[in-house]
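Undergrad: Sharing a structure here in structure tokens format.
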Amino acid sequence: QALAPAASPPHPAPLPILARARPDRRAMADGAITMQVAVPEGVFPGQAFAVTTPDGQMLQLTCPEGVGAGSPIQFAYIPLAEAPQCGDGEAAVHPDDAALFEQAMVYATQKQEELASAGAVAAQPLPVGEFTGNVFAPAIFAAGSNAIVTRSSGEESGCSIYEVFLTAMGPQYNVYLGQSEASEPIFKWCGEADLRAYPTA
């Protein structure tokens, strides 16, 4: 997927640095549900495949090295009811961020539909007994949720989660930042250390 030219999105100055109320990963992990999925036929190490959770989330898992079709992967996810929502009253949604979030929801919905039409594997409950496969940590943010992202300049701005990838190195997110001057969508890859829940009034 090609990224748009490195132009600034039509977005106001970055949000002021607010108290960095990042989700407490340990507390969130307490609410995580662990499931299992078998690597589908035709998927090789390094390739991603889509998985659906019982609450309807669509996640992408990256097939680890040394793993082939039929191999089990255990992963955890945070149910939508437990996922961080907008923050706890620090600030109101900026009108430009509201427009960005609306645009982002269109892209995220299209991506989820694209993944579903390509075929997604349904997650299964854990088998009884000891698990000896690969285990992926849960993602705190779900596709379509809004967040604050720290940019490479150190400034922060609103964003929306476009895709969620679970990998052996931890969750990775492709976030939507807005549109370039050429009206092309701008995306950024980041980890959870670069994200926090979007504050609201």
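Numbering starts fresh at 1 for the residues of each chain in the structure tokens, the chains themselves are lettered A, B, ... in the order given, and ligands are numbered from 1 as they appear.
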Determine, for each residue of range 159-187 of chain A having at least one atom at most 12 Å from an atom of range 36-47 of chain A, the closest pair of atoms and their separation in Å to one decimal, counting only C-alpha atoms; order by chain and ascending number, as a Markdown table.
TA:
| residue | atom | partner | partner_atom | distance |
| --- | --- | --- | --- | --- |
| A:Phe165 | CA | A:Gln47 | CA | 11.0 |
| A:Leu166 | CA | A:Gln47 | CA | 11.7 |
| A:Thr167 | CA | A:Gly46 | CA | 9.4 |
| A:Ala168 | CA | A:Gly46 | CA | 10.4 |
Undergrad: Keeping N, CA and C atoms, export the residues of the selection given above as an mmCIF file, in the first residue's frame.
TA:
data_model
loop_
_atom_site.group_PDB
_atom_site.id
_atom_site.type_symbol
_atom_site.label_atom_id
_atom_site.label_comp_id
_atom_site.auth_asym_id
_atom_site.auth_seq_id
_atom_site.Cartn_x
_atom_site.Cartn_y
_atom_site.Cartn_z
ATOM 1 N N PHE A 165 -2.552 -4.799 13.459
ATOM 2 C CA PHE A 165 -1.773 -6.003 13.185
ATOM 3 C C PHE A 165 -1.229 -6.543 14.493
ATOM 4 N N LEU A 166 -1.441 -7.820 14.741
ATOM 5 C CA LEU A 166 -0.831 -8.476 15.883
ATOM 6 C C LEU A 166 0.389 -9.218 15.364
ATOM 7 N N THR A 167 1.541 -8.953 15.978
ATOM 8 C CA THR A 167 2.788 -9.565 15.545
ATOM 9 C C THR A 167 3.524 -10.133 16.752
ATOM 10 N N ALA A 168 4.541 -10.912 16.478
ATOM 11 C CA ALA A 168 5.358 -11.469 17.554
ATOM 12 C C ALA A 168 6.062 -10.362 18.336
#
Undergrad: Can you build me a table of range 52-127 of chain A residues sitting at most 8 Å from range 175-196 of chain A, with the closest atom pair per residue and its distance in Å to one decimal, using only C-alpha atoms, sorted by chain and residue number, as CSV?
TA:
residue,atom,partner,partner_atom,distance
A:Leu100,CA,A:Gly178,CA,5.8
A:Gln103,CA,A:Gly178,CA,7.7
A:Ala104,CA,A:Tyr176,CA,6.1
Undergrad: In range 88-196 of chain A, what's alpha helix (DSSP H) per DSSP? Answer as a VMD selection string?
TA: chain A and resid 95 to 118
Undergrad: Pull N, CA and C atoms from the residues just selected and write them as a CSV table (one decimal), in the first residue's frame.
TA:
chain,number,residue,atom,x,y,z
A,95,PRO,N,-13.0,20.6,16.0
A,95,PRO,CA,-13.9,20.4,14.8
A,95,PRO,C,-13.1,19.8,13.7
A,96,ASP,N,-11.8,20.1,13.5
A,96,ASP,CA,-11.0,19.5,12.4
A,96,ASP,C,-10.8,18.0,12.7
A,97,ASP,N,-10.6,17.7,14.0
A,97,ASP,CA,-10.4,16.3,14.4
A,97,ASP,C,-11.7,15.5,14.1
A,98,ALA,N,-12.9,16.1,14.4
A,98,ALA,CA,-14.2,15.5,14.1
A,98,ALA,C,-14.3,15.2,12.6
A,99,ALA,N,-13.9,16.1,11.8
A,99,ALA,CA,-13.9,15.8,10.3
A,99,ALA,C,-13.0,14.7,10.0
A,100,LEU,N,-11.8,14.7,10.6
A,100,LEU,CA,-10.8,13.7,10.3
A,100,LEU,C,-11.3,12.3,10.7
A,101,PHE,N,-12.0,12.2,11.9
A,101,PHE,CA,-12.5,11.0,12.4
A,101,PHE,C,-13.6,10.4,11.5
A,102,GLU,N,-14.4,11.4,10.9
A,102,GLU,CA,-15.5,10.9,10.0
A,102,GLU,C,-14.8,10.3,8.7
A,103,GLN,N,-13.8,11.0,8.2
A,103,GLN,CA,-13.1,10.5,7.0
A,103,GLN,C,-12.5,9.2,7.3
A,104,ALA,N,-11.9,9.1,8.5
A,104,ALA,CA,-11.2,7.8,8.9
A,104,ALA,C,-12.1,6.7,9.0
A,105,MET,N,-13.3,6.9,9.5
A,105,MET,CA,-14.3,5.8,9.6
A,105,MET,C,-14.7,5.2,8.3
A,106,VAL,N,-14.7,6.1,7.2
A,106,VAL,CA,-15.0,5.6,5.9
A,106,VAL,C,-13.9,4.7,5.4
A,107,TYR,N,-12.6,5.1,5.6
A,107,TYR,CA,-11.5,4.3,5.2
A,107,TYR,C,-11.5,3.0,6.0
A,108,ALA,N,-11.7,3.1,7.3
A,108,ALA,CA,-11.6,1.9,8.2
A,108,ALA,C,-12.7,0.9,7.8
A,109,THR,N,-13.9,1.4,7.5
A,109,THR,CA,-15.0,0.5,7.2
A,109,THR,C,-14.7,-0.2,5.8
A,110,GLN,N,-14.1,0.6,4.9
A,110,GLN,CA,-13.8,0.0,3.6
A,110,GLN,C,-12.7,-1.1,3.8
A,111,LYS,N,-11.7,-0.9,4.6
A,111,LYS,CA,-10.7,-1.8,4.9
A,111,LYS,C,-11.3,-3.1,5.5
A,112,GLN,N,-12.1,-2.9,6.5
A,112,GLN,CA,-12.7,-4.1,7.2
A,112,GLN,C,-13.5,-4.9,6.1
A,113,GLU,N,-14.3,-4.2,5.3
A,113,GLU,CA,-15.1,-4.9,4.2
A,113,GLU,C,-14.1,-5.7,3.3
A,114,GLU,N,-13.0,-5.0,2.9
A,114,GLU,CA,-12.0,-5.6,2.0
A,114,GLU,C,-11.5,-6.9,2.6
A,115,LEU,N,-11.1,-6.8,3.9
A,115,LEU,CA,-10.6,-8.0,4.6
A,115,LEU,C,-11.6,-9.1,4.7
A,116,ALA,N,-12.8,-8.7,5.0
A,116,ALA,CA,-13.9,-9.8,5.1
A,116,ALA,C,-14.1,-10.4,3.8
A,117,SER,N,-14.1,-9.7,2.7
A,117,SER,CA,-14.4,-10.3,1.3
A,117,SER,C,-13.2,-11.1,0.9
A,118,ALA,N,-12.0,-10.9,1.4
A,118,ALA,CA,-10.9,-11.7,1.0
A,118,ALA,C,-10.9,-13.0,1.8
Undergrad: Pull the strand (DSSP E or B) assignments for range 54-128 of chain A out of DSSP run on the backbone, and list those residues as a list in words.
TA: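 Of range 54-128 of chain A, only Met58, Leu59, Gln60, Leu61, Thr62, Pro72, Ile73, Gln74, Phe75, Ala76, Tyr77, Val121, Ala122 and Gln124 of chain A fall in strand (DSSP E or B).
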Undergrad: Save the residues we just selected, all heavy atoms, as a CSV table (one decimal), in the first residue's frame?
TA:
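For reference, again.csv as written:
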chain,number,residue,atom,x,y,z
A,58,MET,N,-12.1,-7.3,13.4
A,58,MET,CA,-11.3,-7.9,12.4
A,58,MET,C,-9.8,-7.5,12.6
A,58,MET,O,-9.5,-6.3,12.6
A,58,MET,CB,-11.7,-7.4,11.0
A,58,MET,CG,-11.0,-8.0,9.9
A,58,MET,SD,-11.7,-9.5,9.2
A,58,MET,CE,-13.4,-8.9,8.7
A,59,LEU,N,-9.0,-8.4,13.0
A,59,LEU,CA,-7.6,-8.2,13.3
A,59,LEU,C,-6.8,-8.9,12.2
A,59,LEU,O,-7.2,-9.8,11.5
A,59,LEU,CB,-7.2,-8.8,14.6
A,59,LEU,CG,-8.0,-8.3,15.8
A,59,LEU,CD1,-7.6,-9.1,17.1
A,59,LEU,CD2,-7.8,-6.8,16.1
A,60,GLN,N,-5.6,-8.4,12.0
A,60,GLN,CA,-4.6,-9.1,11.1
A,60,GLN,C,-3.5,-9.6,11.9
A,60,GLN,O,-2.9,-8.9,12.7
A,60,GLN,CB,-4.2,-8.1,10.0
A,60,GLN,CG,-5.3,-7.7,9.1
A,60,GLN,CD,-4.8,-6.8,8.0
A,60,GLN,OE1,-4.1,-7.3,7.1
A,60,GLN,NE2,-5.1,-5.5,8.0
A,61,LEU,N,-3.2,-10.9,11.7
A,61,LEU,CA,-2.1,-11.6,12.4
A,61,LEU,C,-1.0,-11.8,11.4
A,61,LEU,O,-1.3,-12.1,10.2
A,61,LEU,CB,-2.5,-12.9,13.0
A,61,LEU,CG,-3.1,-12.9,14.4
A,61,LEU,CD1,-4.4,-12.1,14.4
A,61,LEU,CD2,-3.4,-14.3,14.9
A,62,THR,N,0.2,-11.6,11.8
A,62,THR,CA,1.4,-11.9,10.9
A,62,THR,C,1.9,-13.2,11.2
A,62,THR,O,2.3,-13.5,12.4
A,62,THR,CB,2.5,-10.8,11.1
A,62,THR,OG1,1.9,-9.5,10.9
A,62,THR,CG2,3.6,-11.0,10.2
A,72,PRO,N,-1.0,-23.6,15.0
A,72,PRO,CA,-1.8,-22.8,15.8
A,72,PRO,C,-1.1,-21.5,16.3
A,72,PRO,O,0.1,-21.5,16.6
A,72,PRO,CB,-2.1,-23.7,17.0
A,72,PRO,CG,-0.9,-24.6,17.1
A,72,PRO,CD,-0.4,-24.8,15.7
A,73,ILE,N,-1.8,-20.5,16.3
A,73,ILE,CA,-1.3,-19.2,16.9
A,73,ILE,C,-2.3,-18.8,18.0
A,73,ILE,O,-3.5,-18.8,17.7
A,73,ILE,CB,-1.2,-18.1,15.9
A,73,ILE,CG1,-0.1,-18.4,14.8
A,73,ILE,CG2,-0.9,-16.7,16.5
A,73,ILE,CD1,0.0,-17.4,13.7
A,74,GLN,N,-1.9,-18.4,19.1
A,74,GLN,CA,-2.7,-18.0,20.2
A,74,GLN,C,-2.6,-16.5,20.2
A,74,GLN,O,-1.5,-15.9,20.2
A,74,GLN,CB,-2.2,-18.6,21.5
A,74,GLN,CG,-3.2,-18.5,22.6
A,74,GLN,CD,-2.7,-19.2,23.9
A,74,GLN,OE1,-2.0,-18.6,24.7
A,74,GLN,NE2,-3.0,-20.5,24.0
A,75,PHE,N,-3.7,-15.8,20.3
A,75,PHE,CA,-3.6,-14.3,20.4
A,75,PHE,C,-4.7,-13.8,21.4
A,75,PHE,O,-5.6,-14.6,21.7
A,75,PHE,CB,-3.9,-13.7,19.0
A,75,PHE,CG,-5.3,-13.8,18.5
A,75,PHE,CD1,-6.2,-12.8,18.7
A,75,PHE,CD2,-5.7,-15.0,17.9
A,75,PHE,CE1,-7.5,-12.9,18.2
A,75,PHE,CE2,-7.0,-15.1,17.5
A,75,PHE,CZ,-7.9,-14.0,17.6
A,76,ALA,N,-4.5,-12.6,21.9
A,76,ALA,CA,-5.5,-12.1,22.8
A,76,ALA,C,-6.0,-10.8,22.2
A,76,ALA,O,-5.3,-10.1,21.4
A,76,ALA,CB,-4.8,-11.8,24.2
A,77,TYR,N,-7.2,-10.4,22.5
A,77,TYR,CA,-7.8,-9.2,22.1
A,77,TYR,C,-8.6,-8.6,23.2
A,77,TYR,O,-9.0,-9.3,24.1
A,77,TYR,CB,-8.7,-9.4,20.8
A,77,TYR,CG,-10.0,-10.1,21.1
A,77,TYR,CD1,-11.1,-9.3,21.3
A,77,TYR,CD2,-10.0,-11.4,21.2
A,77,TYR,CE1,-12.3,-10.0,21.6
A,77,TYR,CE2,-11.2,-12.1,21.5
A,77,TYR,CZ,-12.4,-11.3,21.7
A,77,TYR,OH,-13.6,-12.0,21.9
A,121,VAL,N,-10.5,-15.8,8.9
A,121,VAL,CA,-10.6,-17.0,9.7
A,121,VAL,C,-11.2,-16.6,11.1
A,121,VAL,O,-10.9,-15.7,11.7
A,121,VAL,CB,-9.1,-17.6,10.0
A,121,VAL,CG1,-9.2,-18.8,10.8
A,121,VAL,CG2,-8.4,-17.8,8.7
A,122,ALA,N,-12.2,-17.4,11.5
A,122,ALA,CA,-12.8,-17.2,12.8
A,122,ALA,C,-12.0,-17.7,13.9
A,122,ALA,O,-11.5,-18.8,13.8
A,122,ALA,CB,-14.2,-17.9,12.8
A,124,GLN,N,-11.1,-19.3,17.5
A,124,GLN,CA,-11.6,-20.4,18.2
A,124,GLN,C,-11.3,-20.3,19.7
A,124,GLN,O,-10.2,-19.8,20.0
A,124,GLN,CB,-11.1,-21.7,17.6
A,124,GLN,CG,-11.4,-21.9,16.2
A,124,GLN,CD,-12.9,-22.0,15.9
A,124,GLN,OE1,-13.7,-22.6,16.6
A,124,GLN,NE2,-13.3,-21.2,14.8
Undergrad: Under the rule of at most 8 Å, produce a per-residue listing of range 29-64 of chain A near range 133-156 of chain A: chain, number, name, the closest pair of atoms, and the distance in Å, as a Markdown table, using only C-alpha atoms.
TA:
| residue | atom | partner | partner_atom | distance |
| --- | --- | --- | --- | --- |
| A:Ala29 | CA | A:Pro138 | CA | 7.1 |
| A:Ala32 | CA | A:Pro138 | CA | 6.8 |
| A:Gln57 | CA | A:Ala142 | CA | 7.4 |
| A:Met58 | CA | A:Ala143 | CA | 7.7 |
| A:Pro64 | CA | A:Asn134 | CA | 7.7 |
Undergrad: Using the selection just defined, write its residues with N, CA, C and O atoms as an mmCIF file, in the first residue's frame.
TA:
data_model
loop_
_atom_site.group_PDB
_atom_site.id
_atom_site.type_symbol
_atom_site.label_atom_id
_atom_site.label_comp_id
_atom_site.auth_asym_id
_atom_site.auth_seq_id
_atom_site.Cartn_x
_atom_site.Cartn_y
_atom_site.Cartn_z
ATOM 1 N N ALA A 29 -5.038 -5.596 29.889
ATOM 2 C CA ALA A 29 -4.745 -7.003 29.614
ATOM 3 C C ALA A 29 -5.574 -7.909 30.517
ATOM 4 O O ALA A 29 -5.887 -9.038 30.143
ATOM 5 N N ALA A 32 -8.492 -8.908 28.656
ATOM 6 C CA ALA A 32 -8.247 -9.523 27.349
ATOM 7 C C ALA A 32 -8.791 -10.945 27.306
ATOM 8 O O ALA A 32 -8.810 -11.649 28.312
ATOM 9 N N GLN A 57 -14.694 -7.888 15.792
ATOM 10 C CA GLN A 57 -13.482 -7.180 15.386
ATOM 11 C C GLN A 57 -12.757 -7.973 14.303
ATOM 12 O O GLN A 57 -12.799 -9.194 14.281
ATOM 13 N N MET A 58 -12.099 -7.255 13.412
ATOM 14 C CA MET A 58 -11.292 -7.867 12.375
ATOM 15 C C MET A 58 -9.844 -7.458 12.643
ATOM 16 O O MET A 58 -9.505 -6.281 12.595
ATOM 17 N N PRO A 64 4.297 -15.973 11.963
ATOM 18 C CA PRO A 64 5.681 -15.925 12.446
ATOM 19 C C PRO A 64 6.618 -16.812 11.624
ATOM 20 O O PRO A 64 6.177 -17.712 10.910
#
Undergrad: Quick one: pull the distance between CA of Ile78 in chain A and CA of Thr53 in chain A, Å, one decimal.
TA: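 These atoms are spaced 9.9 Å apart.
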Undergrad: Figure out the distance between CA of Ala197 in chain A and CA of Phe49 in chain A, please, to one decimal in Å.
TA: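 Between these atoms lies a distance of 26.5 Å.
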Undergrad: Give me, please, the distance in Å between CA of Pro125 in chain A and CA of Ile33 in chain A, quoted to one decimal.
TA: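 Between CA of Pro125 in chain A and CA of Ile33 in chain A the gap works out to 9.3 Å.
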